[in-house]
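Asker: This is coords_30.csv (CSV, C-alpha atoms).
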chain,number,residue,atom,x,y,z
U,1,MET,CA,0.0,0.0,0.0
U,2,THR,CA,2.8,2.4,0.9
U,3,VAL,CA,4.5,1.6,-2.3
U,4,VAL,CA,1.3,2.2,-4.3
U,5,GLU,CA,0.7,5.5,-2.5
U,6,ARG,CA,4.2,6.7,-3.1
U,7,ARG,CA,4.0,5.8,-6.8
U,8,GLU,CA,0.8,7.8,-7.2
U,9,ILE,CA,2.2,10.8,-5.4
U,10,ALA,CA,5.2,10.8,-7.7
U,11,LEU,CA,3.0,10.4,-10.7
U,12,VAL,CA,1.0,13.5,-10.0
U,13,ASP,CA,4.2,15.5,-9.5
U,14,LEU,CA,5.5,14.1,-12.8
U,15,LEU,CA,2.3,15.1,-14.6
U,16,ASP,CA,2.4,18.6,-13.2
U,17,ARG,CA,5.7,19.0,-15.1
U,18,LEU,CA,5.3,16.8,-18.1
U,19,LEU,CA,1.8,17.9,-19.0
U,20,ALA,CA,2.0,21.6,-17.9
U,21,GLY,CA,5.7,22.2,-18.2
U,22,GLY,CA,8.4,21.4,-20.8
U,23,VAL,CA,8.9,23.1,-24.1
U,24,VAL,CA,5.8,23.2,-26.2
U,25,ILE,CA,6.7,22.4,-29.8
U,26,THR,CA,4.2,21.8,-32.5
U,27,GLY,CA,5.3,18.4,-33.7
U,28,ASP,CA,3.7,16.3,-36.3
U,29,VAL,CA,1.6,15.0,-33.5
U,30,THR,CA,1.4,17.0,-30.3
U,31,LEU,CA,-0.7,17.1,-27.3
U,32,ARG,CA,-2.8,20.2,-27.5
U,33,ILE,CA,-3.7,22.1,-24.5
U,34,ALA,CA,-7.3,21.1,-24.9
U,35,ASP,CA,-6.2,17.5,-24.8
U,36,VAL,CA,-4.1,18.1,-21.7
U,37,ASP,CA,-7.1,19.6,-20.0
U,38,LEU,CA,-9.1,16.5,-21.0
U,39,VAL,CA,-6.4,14.3,-19.6
U,40,ARG,CA,-6.6,16.1,-16.3
U,41,ILE,CA,-10.4,15.7,-16.2
U,42,ASP,CA,-10.1,12.1,-17.3
U,43,LEU,CA,-7.5,11.4,-14.6
U,44,ASN,CA,-9.7,12.8,-11.9
U,45,ALA,CA,-12.5,10.6,-13.0
U,46,LEU,CA,-10.2,7.6,-13.4
U,47,ILE,CA,-8.6,8.0,-10.1
U,48,SER,CA,-11.8,8.7,-8.2
U,49,SER,CA,-13.2,5.5,-9.7
U,50,VAL,CA,-10.1,3.6,-8.7
U,51,ASN,CA,-10.4,5.0,-5.2
U,52,GLU,CA,-14.0,4.0,-5.0
U,53,SER,CA,-13.3,0.4,-5.8
U,54,VAL,CA,-10.2,0.2,-3.7
U,55,PRO,CA,-10.8,2.7,-0.9
U,56,SER,CA,-7.7,4.4,0.4
U,57,PRO,CA,-7.5,4.7,4.1
U,58,PHE,CA,-5.7,8.0,3.6
U,59,GLU,CA,-8.6,9.6,2.0
U,60,LEU,CA,-11.1,9.1,4.8
U,61,PRO,CA,-9.9,11.7,7.3
U,62,ALA,CA,-9.8,14.3,4.5
U,63,LYS,CA,-13.4,13.7,3.6
U,64,GLU,CA,-14.6,14.1,7.1
U,65,LEU,CA,-13.2,17.6,7.4
A,1,MET,CA,9.0,-0.4,-40.0
A,2,THR,CA,6.5,2.3,-39.2
A,3,GLY,CA,7.7,4.4,-36.4
A,4,LEU,CA,7.6,8.0,-35.3
A,5,ARG,CA,10.3,10.0,-33.6
A,6,TYR,CA,9.6,10.9,-30.0
A,7,VAL,CA,11.6,13.9,-28.8
A,8,TYR,CA,12.5,14.0,-25.1
A,9,ALA,CA,14.8,17.0,-24.9
A,10,VAL,CA,17.1,19.4,-26.7
A,11,CYS,CA,20.5,20.0,-25.3
A,12,ARG,CA,24.0,21.1,-26.2
A,13,PRO,CA,26.3,18.3,-27.3
A,14,LEU,CA,26.9,15.9,-24.4
A,15,GLY,CA,30.3,15.6,-22.7
A,16,ALA,CA,29.6,11.9,-22.0
A,17,PRO,CA,27.7,9.2,-23.7
A,18,LEU,CA,24.2,8.2,-22.5
A,19,GLN,CA,24.0,5.1,-20.3
A,20,ALA,CA,24.1,2.1,-22.6
A,21,GLN,CA,21.2,0.3,-20.9
A,22,LEU,CA,18.9,3.4,-20.9
A,23,THR,CA,15.5,2.8,-22.4
A,24,GLY,CA,12.9,5.3,-23.4
A,25,VAL,CA,9.2,5.3,-24.2
A,26,GLY,CA,8.0,1.8,-25.2
A,27,GLY,CA,11.4,0.3,-24.3
A,28,ALA,CA,13.3,1.7,-27.2
A,29,PRO,CA,16.8,3.1,-26.6
A,30,PRO,CA,17.1,6.8,-27.0
A,31,ALA,CA,19.5,8.1,-29.7
A,32,LEU,CA,21.2,11.5,-30.2
A,33,LEU,CA,20.3,13.5,-33.3
A,34,SER,CA,22.8,16.3,-33.9
A,35,HIS,CA,21.9,19.4,-35.9
A,36,ARG,CA,24.3,22.3,-36.0
A,37,GLY,CA,25.2,23.2,-32.4
A,38,LEU,CA,22.4,21.3,-30.8
A,39,ILE,CA,21.3,17.7,-30.2
A,40,ALA,CA,17.8,16.3,-29.9
A,41,VAL,CA,17.3,13.2,-27.8
A,42,VAL,CA,14.9,10.9,-29.7
A,43,SER,CA,13.6,7.4,-29.8
A,44,THR,CA,11.4,5.5,-32.2
A,45,VAL,CA,7.8,4.9,-31.0
A,46,PRO,CA,5.1,2.8,-32.8
A,47,GLU,CA,3.0,4.9,-35.0
A,48,ALA,CA,-0.2,3.1,-33.9
A,49,ASP,CA,0.4,4.4,-30.3
A,50,PHE,CA,1.4,7.9,-31.1
A,51,CYS,CA,-0.7,8.9,-34.1
A,52,GLU,CA,-3.3,11.4,-33.1
A,53,GLU,CA,-6.1,8.9,-32.6
A,54,GLY,CA,-3.8,6.4,-30.9
A,55,LEU,CA,-2.5,9.0,-28.5
A,56,LYS,CA,-5.9,10.3,-27.6
A,57,ALA,CA,-7.1,6.8,-26.8
A,58,HIS,CA,-4.1,6.0,-24.7
A,59,LEU,CA,-4.4,9.2,-22.7
A,60,GLU,CA,-7.5,7.8,-21.1
A,61,ASP,CA,-5.4,4.8,-19.9
A,62,LEU,CA,-3.8,5.8,-16.6
A,63,ASP,CA,-1.3,2.9,-16.7
A,64,TRP,CA,-0.2,3.8,-20.2
A,65,LEU,CA,0.1,7.4,-19.3
A,66,ALA,CA,2.1,6.6,-16.1
A,67,ALA,CA,4.5,4.3,-18.0
A,68,THR,CA,5.0,6.8,-20.7
A,69,ALA,CA,5.6,9.7,-18.3
A,70,ARG,CA,8.0,7.6,-16.3
A,71,ALA,CA,9.9,6.5,-19.4
A,72,HIS,CA,10.1,10.2,-20.5
A,73,GLN,CA,11.3,11.2,-17.1
A,74,GLY,CA,13.9,8.4,-17.0
A,75,VAL,CA,15.5,9.7,-20.1
A,76,ILE,CA,15.5,13.3,-18.8
A,77,ASP,CA,16.9,12.1,-15.5
A,78,ALA,CA,19.8,10.4,-17.3
A,79,LEU,CA,20.4,13.5,-19.3
A,80,THR,CA,20.6,15.7,-16.2
A,81,THR,CA,23.5,13.7,-15.0
A,82,VAL,CA,25.6,14.7,-18.0
A,83,THR,CA,24.1,18.0,-19.1
A,84,THR,CA,21.4,20.6,-18.6
A,85,PRO,CA,18.6,19.4,-20.9
A,86,LEU,CA,15.7,21.5,-22.1
A,87,PRO,CA,12.9,19.0,-21.6
A,88,LEU,CA,10.0,18.9,-24.0
A,89,ARG,CA,6.3,18.5,-23.2
A,90,LEU,CA,5.2,14.8,-23.0
A,91,ALA,CA,4.5,13.2,-26.3
A,92,THR,CA,6.1,15.5,-28.8
A,93,VAL,CA,6.3,13.4,-31.9
A,94,PHE,CA,7.6,13.8,-35.4
A,95,ARG,CA,7.4,11.8,-38.6
A,96,ASP,CA,11.1,11.2,-39.0
A,97,ASP,CA,14.6,12.6,-38.3
A,98,SER,CA,14.4,15.2,-41.0
A,99,ALA,CA,11.2,16.7,-39.5
A,100,VAL,CA,13.0,16.9,-36.1
A,101,ARG,CA,15.9,18.6,-37.8
A,102,THR,CA,13.6,21.1,-39.5
A,103,MET,CA,12.1,21.9,-36.1
A,104,MET,CA,15.5,22.3,-34.5
A,105,GLU,CA,16.5,24.7,-37.1
A,106,ALA,CA,13.3,26.8,-36.9
A,107,ARG,CA,13.6,27.0,-33.1
A,108,GLU,CA,17.4,27.2,-32.8
A,109,ALA,CA,17.6,30.7,-31.4
A,110,ASP,CA,14.9,30.0,-28.8
A,111,PHE,CA,16.6,26.8,-27.7
A,112,LEU,CA,20.0,28.4,-27.4
A,113,ARG,CA,18.5,31.2,-25.3
A,114,ALA,CA,16.6,28.9,-23.0
A,115,LEU,CA,19.6,26.6,-22.6
A,116,GLU,CA,21.8,29.5,-21.7
A,117,ARG,CA,19.3,30.6,-19.1
A,118,LEU,CA,19.0,27.2,-17.6
A,119,GLU,CA,22.6,26.1,-17.7
A,120,GLY,CA,23.7,24.7,-14.4
A,121,ARG,CA,20.2,25.2,-12.8
A,122,VAL,CA,17.7,22.6,-11.5
A,123,GLU,CA,14.1,22.8,-10.4
A,124,TRP,CA,12.9,22.0,-6.9
A,125,GLY,CA,9.3,21.3,-6.1
A,126,VAL,CA,7.9,22.4,-2.7
A,127,LYS,CA,4.4,21.5,-1.6
A,128,VAL,CA,2.6,22.4,1.6
A,129,PHE,CA,-0.3,20.3,2.9
A,130,THR,CA,-2.5,20.7,5.8
A,131,GLU,CA,-2.4,17.7,8.1
A,132,PRO,CA,-5.9,16.5,8.8
A,133,SER,CA,-6.3,17.1,12.5
A,134,PRO,CA,-7.3,13.9,14.4
A,135,GLU,CA,-9.9,15.4,16.7
A,136,PRO,CA,-10.2,19.0,17.9
A,137,ALA,CA,-8.9,18.9,21.5
A,138,GLU,CA,-11.9,18.6,23.8
A,139,PRO,CA,-11.8,20.0,27.3
A,140,ALA,CA,-11.4,17.1,29.7
A,141,GLY,CA,-14.5,15.8,31.3
A,142,LYS,CA,-16.8,16.7,28.4
A,143,PRO,CA,-19.1,13.9,27.2
A,144,ASP,CA,-18.0,12.4,23.9
A,145,ARG,CA,-21.4,12.6,22.3
A,146,PRO,CA,-23.4,15.8,21.9
A,147,THR,CA,-26.1,16.0,24.5
A,148,SER,CA,-28.7,17.7,22.4
A,149,GLY,CA,-29.4,19.0,18.9
A,150,ARG,CA,-28.3,22.5,20.0
A,151,ASP,CA,-25.1,21.1,21.4
A,152,TYR,CA,-24.4,19.2,18.2
A,153,LEU,CA,-24.9,22.4,16.1
A,154,ARG,CA,-22.7,24.4,18.4
A,155,ARG,CA,-19.9,21.8,18.0
A,156,ARG,CA,-20.4,21.7,14.3
A,157,ARG,CA,-19.9,25.5,14.1
A,158,ALA,CA,-16.9,25.4,16.3
A,159,ASP,CA,-15.4,22.6,14.2
A,160,THR,CA,-16.1,24.5,11.0
A,161,ARG,CA,-14.6,27.7,12.4
A,162,ALA,CA,-11.5,25.8,13.6
A,163,HIS,CA,-11.1,24.2,10.2
A,164,GLU,CA,-11.4,27.6,8.4
A,165,GLU,CA,-8.9,29.2,10.7
A,166,GLY,CA,-6.5,26.3,10.2
A,167,LEU,CA,-6.8,26.7,6.5
A,168,GLN,CA,-6.2,30.5,6.7
A,169,ALA,CA,-3.1,29.9,8.9
A,170,ALA,CA,-1.9,27.3,6.4
A,171,GLU,CA,-2.3,29.7,3.5
A,172,ALA,CA,-0.5,32.4,5.4
A,173,PHE,CA,2.4,30.0,6.1
A,174,ALA,CA,2.5,28.9,2.4
A,175,ARG,CA,2.7,32.5,1.3
A,176,SER,CA,5.5,33.4,3.6
A,177,LEU,CA,7.4,30.2,2.8
A,178,HIS,CA,7.0,31.0,-0.9
A,179,GLU,CA,8.4,34.5,-0.4
A,180,ARG,CA,11.4,33.2,1.5
A,181,LEU,CA,12.1,30.4,-1.0
A,182,ARG,CA,11.6,32.8,-4.0
A,183,ALA,CA,14.3,35.1,-2.5
A,184,GLN,CA,16.7,32.1,-2.7
A,185,ALA,CA,15.8,31.1,-6.2
A,186,GLU,CA,16.3,32.6,-9.6
A,187,ASP,CA,12.8,32.0,-10.7
A,188,SER,CA,9.6,30.4,-9.4
A,189,ARG,CA,6.3,29.1,-10.6
A,190,LEU,CA,3.1,28.3,-8.8
A,191,HIS,CA,1.4,25.2,-10.1
A,192,PRO,CA,-2.3,24.7,-9.4
A,193,PRO,CA,-2.8,22.9,-6.0
A,194,GLN,CA,-2.9,19.1,-6.5
A,195,ASN,CA,-6.2,17.3,-6.2
A,196,ALA,CA,-6.1,15.0,-3.2
A,197,ALA,CA,-7.8,12.3,-5.2
A,198,LEU,CA,-5.1,12.5,-7.8
A,199,SER,CA,-2.2,12.6,-5.5
A,200,GLY,CA,-3.5,10.3,-2.8
A,201,ALA,CA,-2.0,12.7,-0.3
A,202,ARG,CA,-3.5,13.5,3.1
A,203,GLY,CA,-4.8,17.0,3.7
A,204,SER,CA,-5.3,19.9,1.3
A,205,ASN,CA,-2.5,21.1,-0.9
A,206,VAL,CA,-2.1,24.8,-0.1
A,207,LEU,CA,1.2,25.4,-2.0
A,208,ASN,CA,2.5,23.6,-5.1
A,209,ALA,CA,5.5,25.6,-6.3
A,210,ALA,CA,8.6,25.1,-8.4
A,211,TYR,CA,11.8,27.0,-7.9
A,212,LEU,CA,14.7,27.4,-10.3
A,213,VAL,CA,17.9,27.1,-8.3
A,214,ARG,CA,21.6,27.0,-9.3
A,215,ARG,CA,23.0,23.5,-8.8
A,216,ASP,CA,25.8,24.9,-6.6
A,217,ARG,CA,23.2,26.7,-4.4
A,218,SER,CA,20.9,23.7,-4.2
A,219,GLU,CA,22.3,22.4,-0.9
A,220,GLU,CA,21.5,25.7,0.8
A,221,PHE,CA,18.0,25.7,-0.7
A,222,VAL,CA,17.3,22.2,0.5
A,223,GLU,CA,18.6,23.1,3.9
A,224,LEU,CA,16.3,26.1,4.0
A,225,VAL,CA,13.3,24.0,3.1
A,226,ASP,CA,14.3,21.4,5.7
A,227,ARG,CA,14.5,24.1,8.4
A,228,THR,CA,11.0,25.4,7.6
A,229,LYS,CA,9.6,21.9,8.2
A,230,ASP,CA,10.2,22.5,11.9
A,231,GLU,CA,8.2,25.7,11.9
A,232,ALA,CA,5.3,24.3,10.0
A,233,GLY,CA,3.3,23.3,13.0
A,234,GLY,CA,0.4,21.1,11.9
A,235,LEU,CA,1.5,21.4,8.2
A,236,ARG,CA,3.5,19.1,6.0
A,237,VAL,CA,6.2,20.5,3.8
A,238,GLU,CA,7.3,18.2,0.9
A,239,LEU,CA,10.3,18.7,-1.3
A,240,THR,CA,10.8,17.0,-4.6
A,241,GLY,CA,13.7,17.2,-7.0
A,242,PRO,CA,16.1,18.0,-8.3
A,243,TRP,CA,14.1,18.0,-11.5
A,244,ALA,CA,15.2,19.2,-15.0
A,245,ALA,CA,13.8,22.7,-15.4
A,246,TYR,CA,10.4,21.6,-16.7
A,247,SER,CA,8.5,24.5,-15.2
A,248,PHE,CA,11.0,27.0,-16.5
A,249,SER,CA,11.4,26.0,-20.1
A,250,GLY,CA,9.6,29.2,-20.8
A,251,LEU,CA,9.2,29.0,-24.6
A,252,GLY,CA,5.4,29.2,-24.6
A,253,GLU,CA,2.5,31.2,-23.5
A,254,GLU,CA,1.5,28.1,-21.5
A,255,ASP,CA,3.8,29.1,-18.7
A,256,ALA,CA,1.8,32.2,-18.1
A,257,ARG,CA,-1.4,30.3,-18.4
A,258,TYR,CA,-0.6,27.3,-16.2
A,259,GLY,CA,1.9,28.8,-13.7
A,260,VAL,CA,1.3,32.4,-12.9
A,261,SER,CA,-2.4,32.7,-13.5
A,262,ALA,CA,-3.2,29.5,-11.6
A,263,GLY,CA,-1.2,30.7,-8.7
A,264,GLU,CA,-3.0,34.0,-8.5
A,265,GLY,CA,-6.3,32.3,-8.4
A,266,ARG,CA,-5.3,30.3,-5.3
Would you mind writing the file out in structure tokens?

Answerer:
Amino acid sequence: MTVVERREIALVDLLDRLLAGGVVITGDVTLRIADVDLVRIDLNALISSVNESVPSPFELPAKEL
Amino acid sequence: MTGLRYVYAVCRPLGAPLQAQLTGVGGAPPALLSHRGLIAVVSTVPEADFCEEGLKAHLEDLDWLAATARAHQGVIDALTTVTTPLPLRLATVFRDDSAVRTMMEAREADFLRALERLEGRVEWGVKVFTEPSPEPAEPAGKPDRPTSGRDYLRRRRADTRAHEEGLQAAEAFARSLHERLRAQAEDSRLHPPQNAALSGARGSNVLNAAYLVRRDRSEEFVELVDRTKDEAGGLRVELTGPWAAYSFSGLGEEDARYGVSAGEGR
């Protein structure tokens, strides 16, 4: 569980940089900002669905606040 | 073979070769593509995965996205041990080497300027989270359960107020920390606060910032962050890095959009 949690934390930091940072170059195929926004929305949906099926104990205190 | 060219970064010619066993996106080994005074670090990726439709479909697959992001980061990490790379946005893809060269030539002046600015610098990430308080301290001898509806509402109000005050204090701490760190850095960016569902982190994220720091000043910077951890009563300060200067590649309007404006809205 700790390993999984740590992996997810690192992933979100990574995506902060790889999807919102880095040099933007129009390649032959490039993620457009609209796509990136979609990815963020999709990710939220994906991860909340993952969390629902596998509830994370770390989430519970936050929800009660 | 149908393959596209995935570009990780642009750098000046390397002083040392890439690690032999390094693999990039999809397991392919990265190669160096020289053009005039610059090199692009590229690897071949399957067209089916990285054509527009393929990419769009894959982006909805968290495992694929994670594996791709990690492979991209792995190559950038390896590069940072031998040079100061200018990292590209995830999934920047060209038809072939000649298209990559054309792009390098068109953007040469931008690349050289950015590389100059970032030379010898790294990015540090600093986040501040509130720690979810276990239970507000109850005066001793008080019953655990509310004795009446009015008592319940009163407690609820007190809890809400305590929570709001806690959040305000957290934000004030985050602001003052950001000011202090900014004074020790050459540049800074505020990323939007991370969604707890996405990060799996406890508490609310009240600061999600990136700082551009000279490599030879990094030890001091890290020590400064470590010291503030002690003052952050009830808050959690997290440091990540050193990263390649993703948040400071500064060649697009996106920086303003994602960094500064998001920070002001906090």

Asker: Given a cut-off of 6 Å, which residues of chain A touch chain U, counting only C-alpha atoms, written out as a ChimeraX atom specification?

Answerer: /A:87-90,92-94,199,202-203,246-247,249,251

Asker: As a PyMOL selection string, please: the residues near region 119-133 of chain A (cut-off 7 Å, all atoms listed in the file, same-chain neighbours under 4 positions excluded).

Answerer: (chain U and resi 61-62) or (chain A and resi 84+115+170+174+202-215+234-245)

Asker: Nearest to Ala169 (chain A): which of A:Ala109, A:Ala232, A:Asp63, A:His58 is it, counting all atoms listed in the file?

Answerer: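 Among the listed residues, the smallest separation from Ala169 (chain A) belongs to A:Ala232.
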
Asker: Using Å and a single decimal, report how far CA of Arg113 (chain A) sits from CA of Ala31 (chain A).

Answerer: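 Rounded to one decimal, the two atoms are 23.5 Å apart.
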
Asker: Work out how far apart CA of Pro146 (chain A) and CA of Gly233 (chain A) are and give it in Å to one decimal.

Answerer: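 Computing it gives 29.1 Å between the two atoms.
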
Asker: Just the number, please: distance in Å from CA of Ala28 (chain A) to CA of Val45 (chain A), one decimal.

Answerer: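 Distance reported for this atom pair: 7.4 Å.
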
Asker: Could you tell me which of A:Ala99, A:Ala196, A:Leu112, A:Ala183 comes closest to Leu224 (chain A) if we count all atoms listed in the file?

Answerer: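 Closest candidate: A:Ala183.
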